[in-house]
Structures are given as C-alpha cells and as structure tokens.
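Structure, as structure tokens:
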Amino acid sequence: MALRGPLSRLLRFTLSSCQQNRSHSVAVLGAPFSKGQKRRGVEHGPKAIRDAGLVERLSNLDYAVHDFGDLTFKHLEKDEHFMHVPFPRTVGRANQLLSGAVSGAVGAGHTCIMLGGDHSLAIGSVEGHAQQCPDLCLIWVDAHADINTPLTSPSGNLHGQSVAFLLKDLQNKMPEVPGFSWMKPFLSARDLVYIAHYVLIILKTLGIQYFSMRDIDRMGIQRVMEVTLDHLLARKQRPIHLSFDIDAFDPSLAPATGTPVNGGLTYREGIYVTEEIHNTGLLSVMDVVEVNPTLGATPEAVEATTSLAVDIISSALGQTREGAHITFPKIPEPKEDTELRL
C-alpha cells in the first residue's frame, strides 16, 4: 500500500542503521506480569493472545515467526511500598529482565512483538529497544496518558507511570524509585506522540504532541495519523516503537481489560492507526498490553478482546482489511488458447 499525503516525503530520507538491519522476521515475546496494577489476571494475556491464533496469522503473512515463549518473573517476598507505590522492586526487576530480552530480539534483526501483561512493562520494552535504536520514536495508544509520577498518581500503580520513567523532561520530577536504579530517562518529549482519551495539562506544558478522542472526532483518524507521523519522522526516518493498550478501544470491542473507558477507538480507527504505521516500513517494536481474560464477562467477551489484539498486531505487520486496495504490478493477459465461455 502506498504512502499517502505528507507521509510520502519520508521516502527522501535514509534509513537508520537500526532499521537497515531489520529482516523479514518477527520475534514474539510474552511478558506475563501483573504487579504494575492491582487486578490479577492480566498475566494470562500472552497465552490468551497466542491461543487466539497470533503465530498462525503472522506465519500466513509470510513472516519467519520466532516465538521465544514467556519470560519468567520473580516476585520478591519483601517488597515494601515506596510512598504509596506497590511492588516497586518487583516491577523494576521485571522491566530490567524485559529490557534485556527486547534488546536481544531487536539486536538479532527481528521486529519484536511484546505481549503483556500490564502497561508498566513498557518501561523495560522501550528501554531495551533504545539500547539498540537510540533514535527511536514512541507512539502511545491508550485510554490513559500513563505519565503520572509517584507524587501525582492517585492509585500509586506503576502501570500509570510508565512514560514518566522514560522522559528526560521529567527527570527532576521523578523521585528515585527502588528497583529502577538500572535505568535513566532517555526519551525527549518531542519524540513521543499520544493517541489517548485523557489529555493532561502536563502534556501541554512539556510540549508533547497528543490527540484526544475529541481531536479524532474533529480531525478524523486519517489526519491524526498524518500529523503524528509527520511530527515524528519529517526530519528523518527512524524506528517506531508502538505501545498499544487494548483499553484504547471502546469497551464494546475490548471488554476484557482492567480499566475500560467508554467512547474509545472504533475498530476502523484502531486498525487505521496500525495500518499507517506499517506503511512507513519503520515499525521496530510493538507492545500489546492489558488484555485480561479473567475480566471478560463471557467467553465471547474474552474472544472479542483477544481477537482484536491479534488483528492490530497483524495489521501493524501488513495484513490488509477486506476491501483494501490490492496492487497488481501487471494486469495478466489471456493466453491464445483461452476460450470465452458464456
């Protein structure tokens, strides 16, 4: 599918060394972890997404799929609260382990798909990606901004603070959380774009590009993605890290998740986001998080959520919707002995 609108100018730039090494292979990495928030069950997300047919779907897209299974996380018996943040050392250790795994997958030339687990895992996923691709940019699709600090978080849950750990612009606002001494913030606000329900004042003060659901209603998802990719890639092509919380979708589409918000993305809007990211040819790592099969009221609700997760991953890797434009390099001609039949 061809790039459209201002995205076409991306072709003028040279690929970064990180993207030049990308082969047509996918690494699937499971992160069954739930301590970044208080609802149990999200640790079953990786298995549920695989059971919905992820590997088979990606194999049908002609990728060499390497499923590296699930990481094993140790939960510390003694992990006292920091301020009102629960399990800080356990979350920090889990993210350090995940960081190494993502770095290894990207360094080996794979496009990495990280299956969560809760969204605190993005700390390690993005950090590990940055080890290999320090010039990456981040697109955060979520019902929530996840940019609280321990001083502003109402719940203390670290899945709502992930971005604050990443941003250099917040370095002086973040206390030293136990368990995270292994990492330092590395991402600039200008390298991040939000597509989220809630827009916090802090996003404006930091100069972060963001789009709320109201912006999507007003501008349309096509224009939102044009502005997003133009903002991140206008100066040069660079690897994209897509962190996609399934709760960005309306709960009628993705009911099996922990913090659903009414009025979320439609199916077409969510798939359009992933299609346009695929069209850049720059997707390097994708997180899919917060699928919680224990919160589906019925088996159909769980199936709807896990199938949607498979759909957005497949779309980000090139699957086209029925009715999408298909390109034929040459129109076939009938052979001489072909007979017309009425």
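Ordering of the structure tokens sets the chain letters (A, B, ...); residue numbers start at 1 within each chain; ligands are numbered from 1 in the order shown.
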Exercise for the section: Please provide the set of residues having any atom within 8 Å of stretch 301-308 of chain A, restricted to only C-alpha atoms, with same-chain residues fewer than 6 positions apart removed, written as a PyMOL selection string. Expected result: chain A and resi 48-49+52+246+253-256+291+293-295
Practice task
Excluding A:Gly92 and any residue of its chain fewer than 5 positions from it, enumerate the residues within 10 Å of it, using only C-alpha atoms, and give them as JSON, numbers by chain.
Solution key: {"A": [36, 87, 97, 98, 120, 121, 123, 124, 158, 177, 178, 179, 180, 181, 182, 183]}
Please produce a file of those selected residues containing N, CA, C and O atoms, as a PDB file, in the first residue's frame.
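Below is the file that was written, selection25.pdb:
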```pdb
ATOM      1  N   GLY A  36       2.188  -4.257  38.131  1.00  0.00           N
ATOM      2  CA  GLY A  36       2.117  -2.822  37.899  1.00  0.00           C
ATOM      3  C   GLY A  36       0.748  -2.240  38.196  1.00  0.00           C
ATOM      4  O   GLY A  36       0.561  -1.026  38.094  1.00  0.00           O
ATOM      5  N   PHE A  87       4.805  -2.708  45.118  1.00  0.00           N
ATOM      6  CA  PHE A  87       5.706  -3.611  44.395  1.00  0.00           C
ATOM      7  C   PHE A  87       6.749  -2.887  43.521  1.00  0.00           C
ATOM      8  O   PHE A  87       7.017  -3.311  42.392  1.00  0.00           O
ATOM      9  N   LEU A  97      14.607  -7.276  33.282  1.00  0.00           N
ATOM     10  CA  LEU A  97      14.674  -8.539  32.548  1.00  0.00           C
ATOM     11  C   LEU A  97      14.081  -8.374  31.144  1.00  0.00           C
ATOM     12  O   LEU A  97      14.666  -8.836  30.151  1.00  0.00           O
ATOM     13  N   LEU A  98      12.938  -7.707  31.058  1.00  0.00           N
ATOM     14  CA  LEU A  98      12.294  -7.497  29.763  1.00  0.00           C
ATOM     15  C   LEU A  98      13.159  -6.629  28.852  1.00  0.00           C
ATOM     16  O   LEU A  98      13.252  -6.877  27.648  1.00  0.00           O
ATOM     17  N   SER A 120       2.951  -1.273  32.732  1.00  0.00           N
ATOM     18  CA  SER A 120       4.238  -0.912  33.346  1.00  0.00           C
ATOM     19  C   SER A 120       5.387  -1.555  32.588  1.00  0.00           C
ATOM     20  O   SER A 120       6.527  -1.066  32.622  1.00  0.00           O
ATOM     21  N   LEU A 121       5.101  -2.633  31.859  1.00  0.00           N
ATOM     22  CA  LEU A 121       6.135  -3.345  31.104  1.00  0.00           C
ATOM     23  C   LEU A 121       6.725  -2.509  29.972  1.00  0.00           C
ATOM     24  O   LEU A 121       7.811  -2.816  29.469  1.00  0.00           O
ATOM     25  N   ILE A 123       8.051   0.240  30.228  1.00  0.00           N
ATOM     26  CA  ILE A 123       9.301   0.847  30.701  1.00  0.00           C
ATOM     27  C   ILE A 123      10.481   0.029  30.192  1.00  0.00           C
ATOM     28  O   ILE A 123      11.417   0.551  29.577  1.00  0.00           O
ATOM     29  N   GLY A 124      10.456  -1.270  30.441  1.00  0.00           N
ATOM     30  CA  GLY A 124      11.551  -2.128  30.006  1.00  0.00           C
ATOM     31  C   GLY A 124      11.571  -2.350  28.516  1.00  0.00           C
ATOM     32  O   GLY A 124      12.638  -2.429  27.899  1.00  0.00           O
ATOM     33  N   LEU A 158       2.079   1.483  39.105  1.00  0.00           N
ATOM     34  CA  LEU A 158       3.140   1.874  38.187  1.00  0.00           C
ATOM     35  C   LEU A 158       2.736   1.752  36.721  1.00  0.00           C
ATOM     36  O   LEU A 158       3.392   2.339  35.862  1.00  0.00           O
ATOM     37  N   VAL A 177      12.891   5.749  42.568  1.00  0.00           N
ATOM     38  CA  VAL A 177      12.015   4.636  42.957  1.00  0.00           C
ATOM     39  C   VAL A 177      12.870   3.382  43.124  1.00  0.00           C
ATOM     40  O   VAL A 177      13.638   3.024  42.216  1.00  0.00           O
ATOM     41  N   PRO A 178      12.760   2.685  44.247  1.00  0.00           N
ATOM     42  CA  PRO A 178      13.535   1.449  44.433  1.00  0.00           C
ATOM     43  C   PRO A 178      13.241   0.441  43.332  1.00  0.00           C
ATOM     44  O   PRO A 178      12.094   0.273  42.909  1.00  0.00           O
ATOM     45  N   GLY A 179      14.312  -0.196  42.830  1.00  0.00           N
ATOM     46  CA  GLY A 179      14.159  -1.186  41.775  1.00  0.00           C
ATOM     47  C   GLY A 179      14.460  -0.669  40.387  1.00  0.00           C
ATOM     48  O   GLY A 179      14.542  -1.457  39.440  1.00  0.00           O
ATOM     49  N   PHE A 180      14.656   0.652  40.263  1.00  0.00           N
ATOM     50  CA  PHE A 180      14.863   1.244  38.945  1.00  0.00           C
ATOM     51  C   PHE A 180      16.210   1.946  38.809  1.00  0.00           C
ATOM     52  O   PHE A 180      16.390   2.749  37.885  1.00  0.00           O
ATOM     53  N   SER A 181      17.149   1.611  39.657  1.00  0.00           N
ATOM     54  CA  SER A 181      18.467   2.260  39.572  1.00  0.00           C
ATOM     55  C   SER A 181      19.220   1.850  38.309  1.00  0.00           C
ATOM     56  O   SER A 181      20.180   2.506  37.911  1.00  0.00           O
ATOM     57  N   TRP A 182      18.787   0.776  37.651  1.00  0.00           N
ATOM     58  CA  TRP A 182      19.455   0.266  36.446  1.00  0.00           C
ATOM     59  C   TRP A 182      19.183   1.127  35.219  1.00  0.00           C
ATOM     60  O   TRP A 182      19.851   0.976  34.199  1.00  0.00           O
ATOM     61  N   MET A 183      18.202   2.033  35.271  1.00  0.00           N
ATOM     62  CA  MET A 183      17.854   2.799  34.073  1.00  0.00           C
ATOM     63  C   MET A 183      17.826   4.292  34.363  1.00  0.00           C
ATOM     64  O   MET A 183      17.601   4.728  35.499  1.00  0.00           O
TER      65      MET A 183
END
```
Handout entry: Of the listed residues A:Leu282, A:Ala164, A:Ala316, A:Met225, that which approaches A:Leu187 most closely, counting only C-alpha atoms
Key =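 Comparing A:Leu282, A:Ala164, A:Ala316, A:Met225 against A:Leu187, the winner is A:Ala164.
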Handout entry: A:Gly318 environment, 10 Å, only C-alpha atoms, sequence neighbours closer than 3 positions dropped, as a PyMOL selection string
Key = chain A and resi 1+58+61+274-279+281+312-315+321
Create the file for the chosen residues now, containing C-alpha atoms and written as a compact mmCIF listing (two decimals), in the first residue's frame.
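What follows is the written file out-v6.txt:
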```
# COMPACT_ATOMS: atom_id res chain seq x y z
CA MET A 1 0.00 0.00 0.00
CA LEU A 58 1.69 -13.89 11.30
CA LEU A 61 1.73 -13.11 6.28
CA THR A 274 -1.67 0.25 12.80
CA GLU A 275 -2.03 0.20 9.03
CA GLU A 276 -0.44 3.63 8.69
CA ILE A 277 2.43 2.67 10.97
CA HIS A 278 3.02 -0.41 8.83
CA ASN A 279 3.01 1.76 5.73
CA GLY A 281 8.13 0.45 6.97
CA ILE A 312 -3.99 -4.95 15.48
CA ILE A 313 -0.71 -6.88 15.58
CA SER A 314 -1.38 -8.42 12.18
CA SER A 315 -2.38 -5.05 10.74
CA ARG A 321 -8.59 -5.42 5.52
```
Exercise for the section: Pick out the residues sitting within 10 Å of A:Ile216, and hand them over as an MDAnalysis selection string; count only C-alpha atoms, and ignore anything fewer than 2 positions along from it in its own chain. Expected result: chainID A and resid 195:197 211:214 218:225 265 269
Put those residues in a file: all heavy atoms, as a short mmCIF file (atom, residue, chain, number, x, y, z; two decimals), in the first residue's frame.
```cif
data_model
loop_
_atom_site.label_atom_id
_atom_site.label_comp_id
_atom_site.auth_asym_id
_atom_site.auth_seq_id
_atom_site.Cartn_x
_atom_site.Cartn_y
_atom_site.Cartn_z
N ILE A 195 -1.99 9.03 21.41
CA ILE A 195 -3.37 8.93 20.93
C ILE A 195 -4.13 8.33 22.11
O ILE A 195 -4.05 7.13 22.37
CB ILE A 195 -3.48 8.06 19.68
CG1 ILE A 195 -2.66 8.67 18.54
CG2 ILE A 195 -4.94 7.91 19.25
CD1 ILE A 195 -2.59 7.82 17.29
N ALA A 196 -4.81 9.18 22.87
CA ALA A 196 -5.36 8.76 24.15
C ALA A 196 -6.68 9.46 24.42
O ALA A 196 -7.00 10.49 23.82
CB ALA A 196 -4.37 9.08 25.28
N HIS A 197 -7.45 8.91 25.37
CA HIS A 197 -8.71 9.53 25.76
C HIS A 197 -8.46 10.81 26.55
O HIS A 197 -9.04 11.84 26.28
CB HIS A 197 -9.51 8.57 26.65
CG HIS A 197 -10.02 7.36 25.96
ND1 HIS A 197 -11.33 7.20 25.61
CD2 HIS A 197 -9.38 6.24 25.53
CE1 HIS A 197 -11.50 6.03 25.01
NE2 HIS A 197 -10.32 5.43 24.96
N PHE A 211 -3.25 13.61 20.83
CA PHE A 211 -4.57 13.65 20.21
C PHE A 211 -5.54 12.93 21.13
O PHE A 211 -5.34 11.77 21.48
CB PHE A 211 -4.55 12.98 18.83
CG PHE A 211 -3.65 13.67 17.86
CD1 PHE A 211 -2.37 13.20 17.64
CD2 PHE A 211 -4.07 14.80 17.19
CE1 PHE A 211 -1.52 13.84 16.75
CE2 PHE A 211 -3.23 15.45 16.30
CZ PHE A 211 -1.96 14.98 16.08
N SER A 212 -6.58 13.62 21.54
CA SER A 212 -7.63 13.03 22.35
C SER A 212 -8.70 12.46 21.44
O SER A 212 -8.68 12.64 20.22
CB SER A 212 -8.24 14.09 23.28
OG SER A 212 -8.94 15.06 22.50
N MET A 213 -9.67 11.77 22.04
CA MET A 213 -10.78 11.26 21.24
C MET A 213 -11.56 12.41 20.60
O MET A 213 -12.09 12.29 19.50
CB MET A 213 -11.71 10.41 22.11
CG MET A 213 -11.09 9.10 22.58
SD MET A 213 -10.43 8.10 21.23
CE MET A 213 -11.89 7.84 20.24
N ARG A 214 -11.61 13.54 21.28
CA ARG A 214 -12.28 14.71 20.70
C ARG A 214 -11.54 15.18 19.44
O ARG A 214 -12.16 15.56 18.45
CB ARG A 214 -12.36 15.83 21.73
CG ARG A 214 -13.16 17.04 21.27
CD ARG A 214 -13.32 18.04 22.39
NE ARG A 214 -14.10 19.19 21.95
CZ ARG A 214 -14.42 20.21 22.74
NH1 ARG A 214 -14.05 20.20 24.02
NH2 ARG A 214 -15.12 21.23 22.28
N ARG A 218 -12.94 15.37 15.62
CA ARG A 218 -12.92 16.64 14.88
C ARG A 218 -12.09 16.54 13.61
O ARG A 218 -12.49 17.04 12.55
CB ARG A 218 -12.34 17.74 15.80
CG ARG A 218 -12.18 19.11 15.14
CD ARG A 218 -11.74 20.13 16.18
NE ARG A 218 -10.55 19.72 16.88
CZ ARG A 218 -9.30 19.95 16.45
NH1 ARG A 218 -9.10 20.55 15.28
NH2 ARG A 218 -8.26 19.56 17.16
N MET A 219 -10.93 15.88 13.69
CA MET A 219 -9.99 15.85 12.57
C MET A 219 -10.16 14.64 11.68
O MET A 219 -9.82 14.67 10.50
CB MET A 219 -8.55 15.88 13.11
CG MET A 219 -8.20 17.10 13.92
SD MET A 219 -6.60 16.93 14.78
CE MET A 219 -5.49 16.70 13.40
N GLY A 220 -10.62 13.53 12.27
CA GLY A 220 -10.64 12.25 11.56
C GLY A 220 -9.33 11.52 11.80
O GLY A 220 -8.26 12.12 11.94
N ILE A 221 -9.40 10.20 11.86
CA ILE A 221 -8.22 9.40 12.18
C ILE A 221 -7.15 9.51 11.11
O ILE A 221 -5.95 9.44 11.41
CB ILE A 221 -8.62 7.94 12.44
CG1 ILE A 221 -7.46 7.16 13.09
CG2 ILE A 221 -9.10 7.27 11.16
CD1 ILE A 221 -7.09 7.65 14.46
N GLN A 222 -7.53 9.70 9.85
CA GLN A 222 -6.53 9.81 8.79
C GLN A 222 -5.65 11.03 9.01
O GLN A 222 -4.42 10.94 8.94
CB GLN A 222 -7.19 9.90 7.42
CG GLN A 222 -6.19 10.02 6.28
CD GLN A 222 -6.85 10.01 4.91
OE1 GLN A 222 -8.05 9.82 4.79
NE2 GLN A 222 -6.06 10.21 3.87
N ARG A 223 -6.26 12.18 9.31
CA ARG A 223 -5.48 13.39 9.54
C ARG A 223 -4.64 13.27 10.80
O ARG A 223 -3.50 13.74 10.85
CB ARG A 223 -6.42 14.59 9.62
CG ARG A 223 -5.71 15.93 9.87
CD ARG A 223 -4.71 16.23 8.79
NE ARG A 223 -4.02 17.50 9.04
CZ ARG A 223 -2.83 17.81 8.52
NH1 ARG A 223 -2.20 16.95 7.72
NH2 ARG A 223 -2.28 18.96 8.79
N VAL A 224 -5.19 12.64 11.85
CA VAL A 224 -4.43 12.44 13.08
C VAL A 224 -3.15 11.66 12.80
O VAL A 224 -2.06 12.01 13.27
CB VAL A 224 -5.28 11.71 14.13
CG1 VAL A 224 -4.43 11.16 15.27
CG2 VAL A 224 -6.34 12.67 14.69
N MET A 225 -3.24 10.59 12.00
CA MET A 225 -2.05 9.79 11.72
C MET A 225 -1.08 10.53 10.80
O MET A 225 0.14 10.38 10.92
CB MET A 225 -2.46 8.45 11.10
CG MET A 225 -3.09 7.49 12.10
SD MET A 225 -2.11 7.28 13.61
CE MET A 225 -0.61 6.56 12.94
N LEU A 265 -11.68 4.11 20.81
CA LEU A 265 -11.49 3.94 19.38
C LEU A 265 -12.48 2.93 18.82
O LEU A 265 -12.81 1.93 19.46
CB LEU A 265 -10.08 3.44 19.09
CG LEU A 265 -8.90 4.37 19.41
CD1 LEU A 265 -7.59 3.63 19.19
CD2 LEU A 265 -8.95 5.63 18.56
N GLU A 269 -10.86 2.84 13.35
CA GLU A 269 -9.86 3.82 13.78
C GLU A 269 -8.60 3.13 14.29
O GLU A 269 -7.48 3.50 13.93
CB GLU A 269 -10.44 4.73 14.86
CG GLU A 269 -11.48 5.70 14.34
CD GLU A 269 -12.26 6.40 15.43
OE1 GLU A 269 -12.26 5.90 16.59
OE2 GLU A 269 -12.92 7.42 15.14
#
```
Exercise for the section: Return the single residue from A:Ile240, A:Lys35, A:Ile147, A:Pro260 that is closest to A:Pro86, with distances computed using only C-alpha atoms. Expected result: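 Smallest distance to A:Pro86 is found for A:Lys35.
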Exercise for the section: Could you check which of A:Phe33, A:Ala309, A:Cys112, A:Val273 is closest to A:Val227, using only C-alpha atoms? Expected result: A:Val273
Practice task
Using DSSP on the backbone coordinates, identify the residues of stretch 78-279 of chain A assigned to alpha helix (DSSP H); present them as a PyMOL selection string.
Solution key: chain A and resi 88-107+122-132+162-166+201-206+213-219+221-233+267-279
